[in-house]
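Next comes structure_17.cif, a file with mmCIF, C-alpha atoms and all ligand atoms.
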data_work
loop_
_atom_site.group_PDB
_atom_site.id
_atom_site.type_symbol
_atom_site.label_atom_id
_atom_site.label_comp_id
_atom_site.auth_asym_id
_atom_site.auth_seq_id
_atom_site.Cartn_x
_atom_site.Cartn_y
_atom_site.Cartn_z
ATOM 1 C CA MET F 21 0.000 0.000 0.000
ATOM 2 C CA LYS F 22 1.314 3.464 -0.895
ATOM 3 C CA PRO F 23 1.158 6.340 1.640
ATOM 4 C CA PHE F 24 -1.791 8.237 0.094
ATOM 5 C CA CYS F 25 -5.176 7.075 -1.155
ATOM 6 C CA PHE F 26 -8.501 8.613 -2.161
ATOM 7 C CA ALA F 27 -11.365 8.101 0.312
ATOM 8 C CA ASP F 28 -14.377 10.126 1.473
ATOM 9 C CA GLY F 29 -13.971 12.571 -1.402
ATOM 10 C CA GLU F 30 -10.359 13.540 -0.734
ATOM 11 C CA ILE F 31 -6.772 12.371 -0.763
ATOM 12 C CA ILE F 32 -5.818 11.159 2.706
ATOM 13 C CA GLU F 33 -3.164 8.954 4.304
ATOM 14 C CA SER F 34 -3.934 5.363 3.306
ATOM 15 C CA LYS F 35 -3.709 4.181 6.917
ATOM 16 C CA ASN F 36 -6.627 6.459 7.835
ATOM 17 C CA ALA F 37 -9.147 5.100 5.275
ATOM 18 C CA THR F 38 -12.232 3.603 6.936
ATOM 19 C CA ILE F 39 -15.516 1.903 6.057
ATOM 20 C CA HIS F 40 -18.627 1.330 8.195
ATOM 21 C CA PRO F 41 -18.950 -2.303 9.417
ATOM 22 C CA MET F 42 -22.570 -2.378 8.173
ATOM 23 C CA ASP F 43 -21.595 -1.445 4.584
ATOM 24 C CA LEU F 44 -23.057 -3.986 2.122
ATOM 25 C CA GLY F 45 -19.507 -4.579 0.944
ATOM 26 C CA LEU F 46 -18.851 -6.265 4.261
ATOM 27 C CA ILE F 47 -22.171 -7.790 5.344
ATOM 28 C CA ARG F 48 -23.282 -8.983 1.876
ATOM 29 C CA GLY F 49 -20.060 -9.020 -0.145
ATOM 30 C CA TYR F 50 -21.694 -6.477 -2.484
ATOM 31 C CA GLY F 51 -19.423 -4.028 -4.254
ATOM 32 C CA ILE F 52 -17.371 -3.535 -7.400
ATOM 33 C CA PHE F 53 -13.752 -2.776 -8.116
ATOM 34 C CA ASP F 54 -11.205 -2.487 -10.853
ATOM 35 C CA PHE F 55 -7.453 -2.724 -10.997
ATOM 36 C CA PHE F 56 -4.985 -1.214 -13.452
ATOM 37 C CA ARG F 57 -1.236 -0.774 -13.654
ATOM 38 C CA SER F 58 0.790 2.365 -13.936
ATOM 39 C CA VAL F 59 4.058 2.310 -15.894
ATOM 40 C CA ASN F 60 6.435 5.252 -16.094
ATOM 41 C CA TYR F 61 3.965 7.475 -14.173
ATOM 42 C CA LYS F 62 1.297 6.653 -16.777
ATOM 43 C CA PRO F 63 -1.788 4.490 -16.159
ATOM 44 C CA LEU F 64 -1.767 1.792 -18.841
ATOM 45 C CA PHE F 65 -4.938 1.506 -20.997
ATOM 46 C CA LEU F 66 -6.746 3.693 -18.428
ATOM 47 C CA ASP F 67 -9.837 4.402 -20.545
ATOM 48 C CA HIS F 68 -10.503 0.678 -20.951
ATOM 49 C CA TYR F 69 -10.428 0.166 -17.176
ATOM 50 C CA LEU F 70 -12.586 3.232 -16.525
ATOM 51 C CA ASP F 71 -15.122 1.989 -19.110
ATOM 52 C CA ARG F 72 -15.362 -1.309 -17.238
ATOM 53 C CA PHE F 73 -15.531 0.326 -13.782
ATOM 54 C CA ILE F 74 -18.266 2.758 -14.822
ATOM 55 C CA THR F 75 -20.226 -0.085 -16.490
ATOM 56 C CA SER F 76 -19.829 -2.315 -13.400
ATOM 57 C CA ALA F 77 -21.267 0.504 -11.242
ATOM 58 C CA GLU F 78 -24.235 0.952 -13.590
ATOM 59 C CA LYS F 79 -24.939 -2.769 -13.808
ATOM 60 C CA THR F 80 -24.858 -3.205 -10.011
ATOM 61 C CA TYR F 81 -27.120 -0.150 -9.416
ATOM 62 C CA LEU F 82 -24.396 1.611 -7.430
ATOM 63 C CA PRO F 83 -24.248 5.375 -8.008
ATOM 64 C CA LEU F 84 -20.763 6.639 -8.854
ATOM 65 C CA ALA F 85 -20.374 10.244 -7.734
ATOM 66 C CA TYR F 86 -17.465 10.972 -10.093
ATOM 67 C CA ASN F 87 -17.320 11.063 -13.878
ATOM 68 C CA ARG F 88 -14.495 9.791 -16.064
ATOM 69 C CA GLU F 89 -12.604 13.100 -16.151
ATOM 70 C CA GLU F 90 -12.869 13.519 -12.367
ATOM 71 C CA LEU F 91 -11.602 9.969 -11.813
ATOM 72 C CA LYS F 92 -8.663 10.673 -14.138
ATOM 73 C CA GLN F 93 -7.857 13.840 -12.188
ATOM 74 C CA ILE F 94 -7.898 11.943 -8.862
ATOM 75 C CA ILE F 95 -5.618 9.247 -10.330
ATOM 76 C CA LYS F 96 -3.227 11.955 -11.581
ATOM 77 C CA GLU F 97 -3.136 13.584 -8.121
ATOM 78 C CA LEU F 98 -2.505 10.211 -6.453
ATOM 79 C CA THR F 99 0.299 9.501 -8.931
ATOM 80 C CA ASP F 100 1.989 12.819 -8.077
ATOM 81 C CA LYS F 101 1.409 12.625 -4.323
ATOM 82 C CA ASN F 102 2.790 9.042 -4.095
ATOM 83 C CA ASP F 103 5.523 9.645 -6.697
ATOM 84 C CA MET F 104 4.054 6.556 -8.308
ATOM 85 C CA GLU F 105 6.442 5.619 -11.097
ATOM 86 C CA GLN F 106 4.881 2.182 -11.306
ATOM 87 C CA GLY F 107 2.485 -0.032 -9.419
ATOM 88 C CA GLY F 108 -1.188 -0.867 -9.259
ATOM 89 C CA PHE F 109 -4.305 1.218 -8.646
ATOM 90 C CA ARG F 110 -7.325 -0.421 -7.003
ATOM 91 C CA MET F 111 -10.626 1.415 -7.386
ATOM 92 C CA VAL F 112 -13.337 0.104 -5.051
ATOM 93 C CA LEU F 113 -16.986 1.133 -4.842
ATOM 94 C CA SER F 114 -18.740 -0.446 -1.868
ATOM 95 C CA GLY F 115 -22.417 -1.401 -1.701
ATOM 96 C CA GLY F 116 -23.083 1.327 0.858
ATOM 97 C CA LEU F 117 -25.193 1.576 4.004
ATOM 98 C CA SER F 118 -28.608 0.164 3.216
ATOM 99 C CA ASP F 119 -31.769 0.758 5.302
ATOM 100 C CA ASN F 120 -32.827 -2.891 4.986
ATOM 101 C CA HIS F 121 -29.213 -4.137 5.017
ATOM 102 C CA PHE F 122 -29.806 -5.685 1.597
ATOM 103 C CA SER F 123 -30.755 -3.318 -1.259
ATOM 104 C CA PRO F 124 -27.870 -1.606 -3.102
ATOM 105 C CA ALA F 125 -27.231 1.852 -1.622
ATOM 106 C CA LYS F 126 -24.875 4.797 -2.171
ATOM 107 C CA GLY F 127 -21.469 3.255 -1.749
ATOM 108 C CA LYS F 128 -18.092 4.664 -0.807
ATOM 109 C CA LEU F 129 -15.397 5.134 -3.427
ATOM 110 C CA PHE F 130 -11.788 4.315 -2.587
ATOM 111 C CA ILE F 131 -8.775 4.493 -4.868
ATOM 112 C CA PHE F 132 -5.730 2.756 -3.467
ATOM 113 C CA PRO F 133 -2.306 2.888 -5.120
ATOM 114 C CA GLU F 134 -0.372 -0.307 -4.398
ATOM 115 C CA THR F 135 3.080 -1.777 -4.806
ATOM 116 C CA LEU F 136 2.842 -4.513 -7.398
ATOM 117 C CA LEU F 137 4.882 -7.697 -7.719
ATOM 118 C CA PHE F 138 4.771 -9.869 -10.849
ATOM 119 C CA PRO F 139 4.922 -13.686 -10.563
ATOM 120 C CA SER F 140 8.490 -15.077 -10.359
ATOM 121 C CA GLU F 141 10.613 -15.540 -13.503
ATOM 122 C CA GLU F 142 10.499 -19.270 -12.811
ATOM 123 C CA LYS F 143 6.720 -19.301 -13.352
ATOM 124 C CA TYR F 144 7.123 -17.601 -16.730
ATOM 125 C CA SER F 145 9.872 -19.976 -17.848
ATOM 126 C CA ASN F 146 8.379 -23.258 -16.521
ATOM 127 C CA GLY F 147 4.687 -22.464 -16.733
ATOM 128 C CA ILE F 148 2.155 -23.114 -13.989
ATOM 129 C CA LYS F 149 -0.339 -25.787 -12.972
ATOM 130 C CA LEU F 150 -4.092 -25.108 -12.707
ATOM 131 C CA LEU F 151 -6.637 -27.181 -10.794
ATOM 132 C CA SER F 152 -9.942 -27.643 -12.640
ATOM 133 C CA LEU F 153 -12.950 -26.801 -10.468
ATOM 134 C CA ASP F 154 -16.680 -26.933 -11.246
ATOM 135 C CA TYR F 155 -17.805 -23.320 -10.828
ATOM 136 C CA VAL F 156 -19.071 -20.275 -12.717
ATOM 137 C CA ARG F 157 -18.543 -16.858 -11.172
ATOM 138 C CA PRO F 158 -21.871 -15.180 -10.378
ATOM 139 C CA ILE F 159 -22.642 -12.229 -12.738
ATOM 140 C CA ALA F 160 -19.300 -13.054 -14.324
ATOM 141 C CA ASP F 161 -19.235 -10.075 -16.715
ATOM 142 C CA ILE F 162 -19.211 -7.602 -13.803
ATOM 143 C CA LYS F 163 -16.067 -7.002 -11.754
ATOM 144 C CA THR F 164 -17.694 -7.519 -8.362
ATOM 145 C CA THR F 165 -15.766 -7.867 -5.114
ATOM 146 C CA ASN F 166 -17.252 -11.341 -4.609
ATOM 147 C CA TYR F 167 -14.287 -13.723 -4.689
ATOM 148 C CA ALA F 168 -15.387 -15.698 -1.618
ATOM 149 C CA LEU F 169 -15.343 -19.132 -3.227
ATOM 150 C CA SER F 170 -11.988 -18.498 -4.926
ATOM 151 C CA VAL F 171 -10.391 -17.283 -1.695
ATOM 152 C CA TRP F 172 -11.761 -20.372 0.083
ATOM 153 C CA ASP F 173 -10.660 -22.758 -2.706
ATOM 154 C CA SER F 174 -7.172 -21.251 -2.878
ATOM 155 C CA ILE F 175 -6.142 -23.299 0.173
ATOM 156 C CA ARG F 176 -7.155 -26.465 -1.709
ATOM 157 C CA TRP F 177 -5.437 -25.628 -4.991
ATOM 158 C CA LYS F 178 -2.214 -24.706 -3.145
ATOM 159 C CA LYS F 179 -2.316 -28.105 -1.375
ATOM 160 C CA GLU F 180 -2.554 -29.749 -4.823
ATOM 161 C CA GLY F 181 0.527 -27.850 -6.024
ATOM 162 C CA ALA F 182 -1.499 -25.642 -8.369
ATOM 163 C CA GLU F 183 -1.031 -21.916 -8.874
ATOM 164 C CA ASP F 184 -4.715 -21.222 -9.495
ATOM 165 C CA ALA F 185 -8.035 -22.705 -10.649
ATOM 166 C CA LEU F 186 -9.554 -23.372 -14.056
ATOM 167 C CA TYR F 187 -13.322 -22.974 -13.768
ATOM 168 C CA HIS F 188 -15.660 -25.162 -15.826
ATOM 169 C CA ARG F 189 -19.325 -26.142 -15.850
ATOM 170 C CA ASP F 190 -21.194 -28.758 -17.929
ATOM 171 C CA GLY F 191 -17.970 -29.611 -19.748
ATOM 172 C CA PHE F 192 -17.127 -26.022 -20.797
ATOM 173 C CA VAL F 193 -14.306 -23.937 -19.350
ATOM 174 C CA SER F 194 -14.636 -20.223 -18.575
ATOM 175 C CA GLU F 195 -11.723 -18.572 -16.783
ATOM 176 C CA SER F 196 -9.313 -18.768 -13.869
ATOM 177 C CA SER F 197 -10.026 -17.126 -10.478
ATOM 178 C CA ARG F 198 -8.470 -13.772 -11.453
ATOM 179 C CA SER F 199 -7.420 -14.317 -15.072
ATOM 180 C CA ASN F 200 -8.762 -15.171 -18.498
ATOM 181 C CA PHE F 201 -7.889 -18.479 -20.108
ATOM 182 C CA PHE F 202 -6.652 -19.398 -23.601
ATOM 183 C CA ILE F 203 -5.526 -22.482 -25.488
ATOM 184 C CA VAL F 204 -3.572 -22.806 -28.740
ATOM 185 C CA LYS F 205 -4.550 -25.406 -31.338
ATOM 186 C CA GLU F 206 -3.107 -25.671 -34.851
ATOM 187 C CA GLY F 207 -1.572 -22.240 -34.423
ATOM 188 C CA LYS F 208 -4.888 -20.627 -33.476
ATOM 189 C CA VAL F 209 -5.460 -18.771 -30.193
ATOM 190 C CA ILE F 210 -8.795 -19.906 -28.728
ATOM 191 C CA THR F 211 -10.568 -18.382 -25.732
ATOM 192 C CA PRO F 212 -14.012 -18.894 -24.143
ATOM 193 C CA ASN F 213 -16.766 -16.459 -25.102
ATOM 194 C CA LYS F 214 -19.059 -16.607 -22.058
ATOM 195 C CA ASP F 215 -19.242 -16.758 -18.270
ATOM 196 C CA ILE F 216 -16.119 -14.618 -18.132
ATOM 197 C CA LEU F 217 -14.945 -11.196 -17.103
ATOM 198 C CA LEU F 218 -13.973 -9.333 -20.266
ATOM 199 C CA GLY F 219 -10.348 -8.830 -19.272
ATOM 200 C CA ILE F 220 -8.525 -5.757 -20.523
ATOM 201 C CA THR F 221 -5.366 -7.857 -20.977
ATOM 202 C CA ARG F 222 -7.398 -10.472 -22.918
ATOM 203 C CA LYS F 223 -8.730 -7.739 -25.191
ATOM 204 C CA HIS F 224 -5.215 -6.524 -26.039
ATOM 205 C CA ILE F 225 -3.785 -10.032 -26.457
ATOM 206 C CA LEU F 226 -6.544 -10.853 -28.954
ATOM 207 C CA GLN F 227 -5.494 -7.815 -30.992
ATOM 208 C CA LEU F 228 -1.900 -9.084 -31.193
ATOM 209 C CA THR F 229 -2.715 -12.036 -33.435
ATOM 210 C CA GLU F 230 -4.987 -12.596 -36.402
ATOM 211 C CA LYS F 231 -5.491 -16.292 -35.781
ATOM 212 C CA VAL F 232 -8.172 -16.029 -33.112
ATOM 213 C CA ASP F 233 -11.248 -18.056 -32.259
ATOM 214 C CA ILE F 234 -13.604 -16.784 -29.519
ATOM 215 C CA ARG F 235 -16.033 -19.614 -28.808
ATOM 216 C CA PRO F 236 -17.146 -22.233 -26.281
ATOM 217 C CA VAL F 237 -14.150 -24.353 -25.220
ATOM 218 C CA THR F 238 -14.563 -27.829 -23.728
ATOM 219 C CA LEU F 239 -12.461 -29.149 -20.873
ATOM 220 C CA SER F 240 -11.550 -32.226 -22.903
ATOM 221 C CA GLU F 241 -10.131 -30.149 -25.769
ATOM 222 C CA VAL F 242 -8.128 -28.158 -23.220
ATOM 223 C CA PHE F 243 -6.357 -31.379 -22.171
ATOM 224 C CA GLU F 244 -5.431 -31.971 -25.841
ATOM 225 C CA ALA F 245 -4.267 -28.383 -26.510
ATOM 226 C CA GLU F 246 -0.783 -27.620 -27.847
ATOM 227 C CA GLU F 247 -0.413 -24.659 -25.487
ATOM 228 C CA ALA F 248 -2.398 -22.901 -22.779
ATOM 229 C CA PHE F 249 -2.014 -19.640 -20.891
ATOM 230 C CA ILE F 250 -3.818 -17.202 -18.604
ATOM 231 C CA SER F 251 -3.890 -13.410 -18.840
ATOM 232 C CA SER F 252 -4.478 -10.618 -16.343
ATOM 233 C CA THR F 253 -3.325 -7.120 -15.461
ATOM 234 C CA THR F 254 -1.044 -8.395 -12.696
ATOM 235 C CA LYS F 255 0.444 -11.350 -14.621
ATOM 236 C CA ILE F 256 0.193 -10.177 -18.261
ATOM 237 C CA LEU F 257 0.477 -13.664 -19.804
ATOM 238 C CA LEU F 258 1.497 -16.723 -17.834
ATOM 239 C CA PRO F 259 1.974 -20.080 -19.608
ATOM 240 C CA VAL F 260 -0.038 -23.030 -18.240
ATOM 241 C CA THR F 261 1.825 -26.316 -18.605
ATOM 242 C CA GLN F 262 -0.300 -28.613 -16.448
ATOM 243 C CA ILE F 263 -3.989 -28.921 -15.584
ATOM 244 C CA ASP F 264 -4.773 -31.476 -12.866
ATOM 245 C CA GLU F 265 -2.654 -34.507 -13.849
ATOM 246 C CA HIS F 266 -2.611 -33.605 -17.572
ATOM 247 C CA LYS F 267 0.514 -32.104 -19.165
ATOM 248 C CA ILE F 268 -0.326 -29.463 -21.764
ATOM 249 C CA GLY F 269 1.572 -29.929 -25.035
ATOM 250 C CA ASN F 270 5.124 -30.987 -24.263
ATOM 251 C CA GLY F 271 4.847 -29.654 -20.708
ATOM 252 C CA LYS F 272 6.796 -26.476 -21.512
ATOM 253 C CA PRO F 273 5.624 -22.921 -22.309
ATOM 254 C CA GLY F 274 4.729 -22.865 -26.003
ATOM 255 C CA PRO F 275 6.166 -20.596 -28.745
ATOM 256 C CA ILE F 276 2.889 -18.795 -29.500
ATOM 257 C CA SER F 277 2.324 -18.001 -25.810
ATOM 258 C CA LEU F 278 5.868 -16.649 -25.441
ATOM 259 C CA ASP F 279 5.606 -14.650 -28.669
ATOM 260 C CA LEU F 280 2.351 -13.038 -27.474
ATOM 261 C CA LEU F 281 3.980 -12.160 -24.147
ATOM 262 C CA GLU F 282 6.826 -10.383 -25.982
ATOM 263 C CA LYS F 283 4.360 -8.594 -28.263
ATOM 264 C CA PHE F 284 2.331 -7.443 -25.258
ATOM 265 C CA LYS F 285 5.478 -6.063 -23.625
ATOM 266 C CA LEU F 286 6.189 -4.049 -26.788
ATOM 267 C CA LEU F 287 2.608 -2.750 -26.848
ATOM 268 C CA GLU F 288 2.991 -1.766 -23.204
ATOM 269 C CA LYS F 289 6.195 0.137 -24.033
ATOM 270 C CA GLU F 290 4.506 1.984 -26.885
ATOM 271 C CA ASN F 291 1.674 2.999 -24.575
ATOM 272 C CA SER F 292 3.712 4.075 -21.576
ATOM 273 C CA TYR F 293 6.385 6.409 -22.997
HETATM 274 C C1 LIG F 301 -12.385 -13.270 -12.722
HETATM 275 C C2 LIG F 301 -11.391 -12.500 -13.534
HETATM 276 N N1 LIG F 301 -11.211 -12.811 -14.842
HETATM 277 C C3 LIG F 301 -10.296 -12.173 -15.597
HETATM 278 C C4 LIG F 301 -9.484 -11.177 -15.068
HETATM 279 C C5 LIG F 301 -8.460 -10.503 -15.930
HETATM 280 O O1 LIG F 301 -8.843 -9.180 -16.241
HETATM 281 P P1 LIG F 301 -7.790 -8.046 -16.568
HETATM 282 O O2 LIG F 301 -6.968 -8.505 -17.730
HETATM 283 O O3 LIG F 301 -8.632 -6.857 -16.917
HETATM 284 O O4 LIG F 301 -6.971 -7.849 -15.347
HETATM 285 C C6 LIG F 301 -9.645 -10.809 -13.724
HETATM 286 C C7 LIG F 301 -8.824 -9.751 -13.143
HETATM 287 O O5 LIG F 301 -8.839 -9.496 -11.972
HETATM 288 C C8 LIG F 301 -10.617 -11.487 -12.936
HETATM 289 O O6 LIG F 301 -10.792 -11.190 -11.642
#
Could you write out this file's structure as structure tokens?
Ligand SMILES: Cc1ncc(COP(=O)(O)O)c(C=O)c1O
Amino acid sequence: MKPFCFADGEIIESKNATIHPMDLGLIRGYGIFDFFRSVNYKPLFLDHYLDRFITSAEKTYLPLAYNREELKQIIKELTDKNDMEQGGFRMVLSGGLSDNHFSPAKGKLFIFPETLLFPSEEKYSNGIKLLSLDYVRPIADIKTTNYALSVWDSIRWKKEGAEDALYHRDGFVSESSRSNFFIVKEGKVITPNKDILLGITRKHILQLTEKVDIRPVTLSEVFEAEEAFISSTTKILLPVTQIDEHKIGNGKPGPISLDLLEKFKLLEKENSY
């Protein structure tokens, strides 16, 4: 956590930010958030993240008291005040204090700048293992703060030597707990089309290659894939080399995955200088 955050309509010391214990965020797990990275003092793909945050607020019936330009101004002030050359920004809008302790109310907006650590080099060079779990995130297209099942399951997937989960239902895969999921087959990058959060990293990765197929993906074809990877703001692109007891491809990060990672890094450079 960086020294200064935005809370209660102003920039304050992060350690002094508070929320009421009866806020729906706490008693019902109802709230939304978004998370973007800043590189070279510049928020990367900021408009995409603000689009998603503003849409999440609308879809969850939570009034957002600030417009896009005001949010950008707050982010700029936080960048200056924290001398934030790089790191993450977490925007959170809570469910608010509700008369009946249930209906969405007027929530509190927080913007927290954070120190950000990428996964270890070893994970990029060896790939990671996912544990397949039968689950679909509720209202998956909205970036809600409800990660209860994933937080709970994380103890189990760690015990099984996995880095994260691969969610599936009725034979179709959707995403990982905090990342989108892709496979590569016959040179084509394939990613599920529903029951997912529309990741900003996913969106940019899909623009880096012409051989793309966005469609339902079965768990059994995942086991037969040549390559697999996950994408997210905090990981960019991480190769997946094992799912449960199945090795993916030859068990090593694949050339298309690694090429896309390099291309994303170039895109990031172009957009942050
Ligand atoms: C459930 C879920 N899917 C996908 C993603 C990846 O989205 P993005 O690339 O915008 O970080 C996230 C990010 O937190 C997530 O929570």
Residues picked by the PyMOL selection byres (((chain F and resi 194) around 6) and not hetatm) here, as an MDAnalysis selection string?
-> chainID F and resid 187:188 193 195 212 215:216
Show me, as AutoDock Vina command-line options, the centre and edge lengths in Å to one decimal of the axis-aligned box that covers every listed atom of segment 31-50 of chain F with 3 Å on each side.
--center_x -13.2 --center_y 1.7 --center_z 3.5 --size_x 26.1 --size_y 27.4 --size_z 17.9
If the PyMOL selection byres (((chain F and resi 250) around 8) and not hetatm) is run on the structure shown, which residues does it catch, given as a ChimeraX atom specification?
-> /F:196,199-202,248-249,251-252,257-260
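For the pair atom CA of Glu247 of chain F and atom CA of Ile175 of chain F, the interatomic distance is 26.3 Å.
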Write out as a list in words the residues lying within 6 Å of segment 131-148 of chain F, counting only C-alpha atoms and excluding same-chain residues fewer than 3 positions away.
->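 Non-adjacent residues within range: Met21, Lys22, Cys25, Phe26, Gly107, Gly108, Phe109, Arg110, Met111, Lys255, Leu258, Pro259, Val260, Thr261 and Pro273 of chain F.
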Closest to ligand LIG 301 (chain F) among F:Gly181, F:Pro158, F:Gly115, F:Gly274, using only C-alpha atoms and all ligand atoms?
-> F:Pro158
Atom CA of Lys149 of chain F to atom CA of Ile263 of chain F, straight-line distance in Å |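 For atom CA of Ile263 of chain F relative to atom CA of Lys149 of chain F, the distance reads 5.5 Å.
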